[in-house]
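Peer 1: Shown below is the structure under consideration.
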Amino acid sequence: MPIDTTELMKQVGKIKILTSHLIDDRLAGDYHSVFRGQGVEFDEVRPYVPGDDIRSIDWNVTARTGFPHIKKFSEERELTVIFLVDVSGSQVFGSGARSKSELAAEITCLLALTAIRNQDKIGLILFTDRILKSIPPRKGRTSVMRLVREVLAADETRERTDITAALRFLNNVQKRKAVVFLVSDFQDAGYEKELRVTARRHDVIACPVSDPCEYALPNVGLIELQDPETGELLLVDTASAAVRDAFARRASEEGERLMRFFKRNGIDTISLSTGRPYIDDVRALFRRRARK
């Protein structure tokens with residue numbers, strides 16, 4: 001069911017205020033130092049002076065003018081930042097004050113505002129088991145609010161998650177290297193190969209989103225649970241310690257497997273939970289990258 005427009009704009013406004021307060025000079029400075037330009041770009045041609053590297057001589061201009069000239073290059077500072085955000089059925093879940101999809105919108109807003117302060121371009125791809133929305137990279141604060149609005153406005157659905165298809169779409173439309181924040185609960189399988197390919201082409205930061213109740217069942221007796229992506233119903237006896245222990249063990253093993261995969265393939269992460277603030281996790285990522 002689509003969200004009410006008035007309520008949507010209230011949520012967008014709240015997220016803007018919240019994340020704006022979190023962005024200080026230290027966070028913006030850390031971002032600038034760990035997300036560097038993708039190489040060098042041509043700046044200008046100028047006359048050769050003794051001491052210049054002769055490998056930089058522009059022979060075409062030299063031949064045309066009769067005087068030696070060199071090509072001057074500068075660091076390409078501008079980045080392209082893409083937010084690849086999962087809005088499948090499982091993202092709607094939240095046991096506390098906010099859902100995983102709302103947390104995804106908040107982290108998107110925080111990182112996008114930081115990128116815009118650095119004069120970078122930002123773009124968005126929303127996906128379930130299909131691509132719902134693709135916004136090409138642009139500059140400007142209005143781009144940030146549009147991204148947040150689109151993440152929040154995604155209709156509640158029972159559509160499944162297809163990370164592989166989303167990554168293939170990204171690689172088809174984004175030819176130049178980009179910084180890619182993949183925001184998802186990763187409740188999918190078989191995407192590992194495509195994610196490795198994408199991580200070789202782009203600077204990928206995985207942002208796994210979770211909720212505390214996905215790791216520990218509360219003891220509330222006999223309850224009926226529903227898979228938000230398939231609609232399948234399951235009766236669970238949460239009063240049973242054996243059931244709760246098995247659930248927690250399976251969830252912990254899956255979480256550890258996911259983090260091992262990221263580490264093994266050199267993919268940085270920001271682990272996000274609806275049950276705790278995220279700004280320290282963002283700063284921890286920046287510190288880790290600064291040490292590399």
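Chains: A, B, ... in order of the structure tokens. Residues: from 1 per chain. Ligands: from 1, in order shown.
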Show me a table, sorted first by chain and then by increasing residue number, of the residues of stretch 103-192 of chain A having an atom at most 10 Å from stretch 220-242 of chain A, each with its shortest atom pair and the distance in Å to one decimal, counting only C-alpha atoms and written as JSON lines.

Peer 2:
{"residue": "A:Thr128", "atom": "CA", "partner": "A:Glu229", "partner_atom": "CA", "distance": 9.8}
{"residue": "A:Glu156", "atom": "CA", "partner": "A:Pro228", "partner_atom": "CA", "distance": 9.6}
{"residue": "A:Thr157", "atom": "CA", "partner": "A:Glu229", "partner_atom": "CA", "distance": 7.4}
{"residue": "A:Arg158", "atom": "CA", "partner": "A:Glu229", "partner_atom": "CA", "distance": 4.1}
{"residue": "A:Glu159", "atom": "CA", "partner": "A:Glu229", "partner_atom": "CA", "distance": 5.3}
{"residue": "A:Arg160", "atom": "CA", "partner": "A:Glu229", "partner_atom": "CA", "distance": 5.1}
{"residue": "A:Thr161", "atom": "CA", "partner": "A:Glu229", "partner_atom": "CA", "distance": 8.2}

Peer 1: Name the residues in contact with A:Phe35 at a cut-off of 12 Å, using only C-alpha atoms, excluding same-chain residues fewer than 2 positions from it; report them as JSON, numbers by chain.

Peer 2: {"A": [28, 29, 30, 31, 32, 33, 37, 38, 39, 76, 77, 78, 79, 80, 81, 111, 114, 115, 118, 120, 178, 179, 180, 203, 204, 205, 285, 286, 287, 289, 290, 292]}

Peer 1: Mind giving me the straight-line distance from atom CA of A:Lys121 to atom CA of A:Pro137 in Å, one decimal?

Peer 2: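 Separating atom CA of A:Lys121 from atom CA of A:Pro137 is a distance of 5.3 Å.
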
Peer 1: Grab the atom CA of A:Tyr215 to atom CA of A:Asp185 distance for me, in Å with one decimal place.

Peer 2: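 Those two atoms sit 12.6 Å apart.
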
Peer 1: Using only C-alpha atoms, which residue out of A:Arg260, A:Asp162, A:Arg117, A:Ala104 lies closest to A:Cys207?

Peer 2: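 Comparing A:Arg260, A:Asp162, A:Arg117, A:Ala104 against A:Cys207, the winner is A:Ala104.
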
Peer 1: If you run DSSP on this backbone, which residues of stretch 99-142 of chain A come out as helix (DSSP H, G or I), and could you give them as a compact mmCIF listing (two decimals) with C-alpha atoms, in the first residue's frame?

Peer 2:
# COMPACT_ATOMS: atom_id res chain seq x y z
CA LYS A 100 14.99 -1.98 8.12
CA SER A 101 13.76 0.06 5.14
CA GLU A 102 13.65 3.22 7.28
CA LEU A 103 17.18 2.53 8.49
CA ALA A 104 18.24 2.05 4.86
CA ALA A 105 16.78 5.48 4.04
CA GLU A 106 18.64 7.08 6.97
CA ILE A 107 22.05 5.65 6.07
CA THR A 108 21.48 6.60 2.42
CA CYS A 109 20.71 10.17 3.47
CA LEU A 110 23.74 10.44 5.78
CA LEU A 111 26.21 9.13 3.21
CA ALA A 112 24.62 11.05 0.33
CA LEU A 113 24.74 14.36 2.22
CA THR A 114 28.40 13.70 3.05
CA ALA A 115 29.12 12.95 -0.61
CA ILE A 116 27.36 16.12 -1.76
CA ARG A 117 29.46 18.18 0.69
CA ARG A 141 21.24 18.63 -2.17
CA THR A 142 17.90 18.19 -3.94
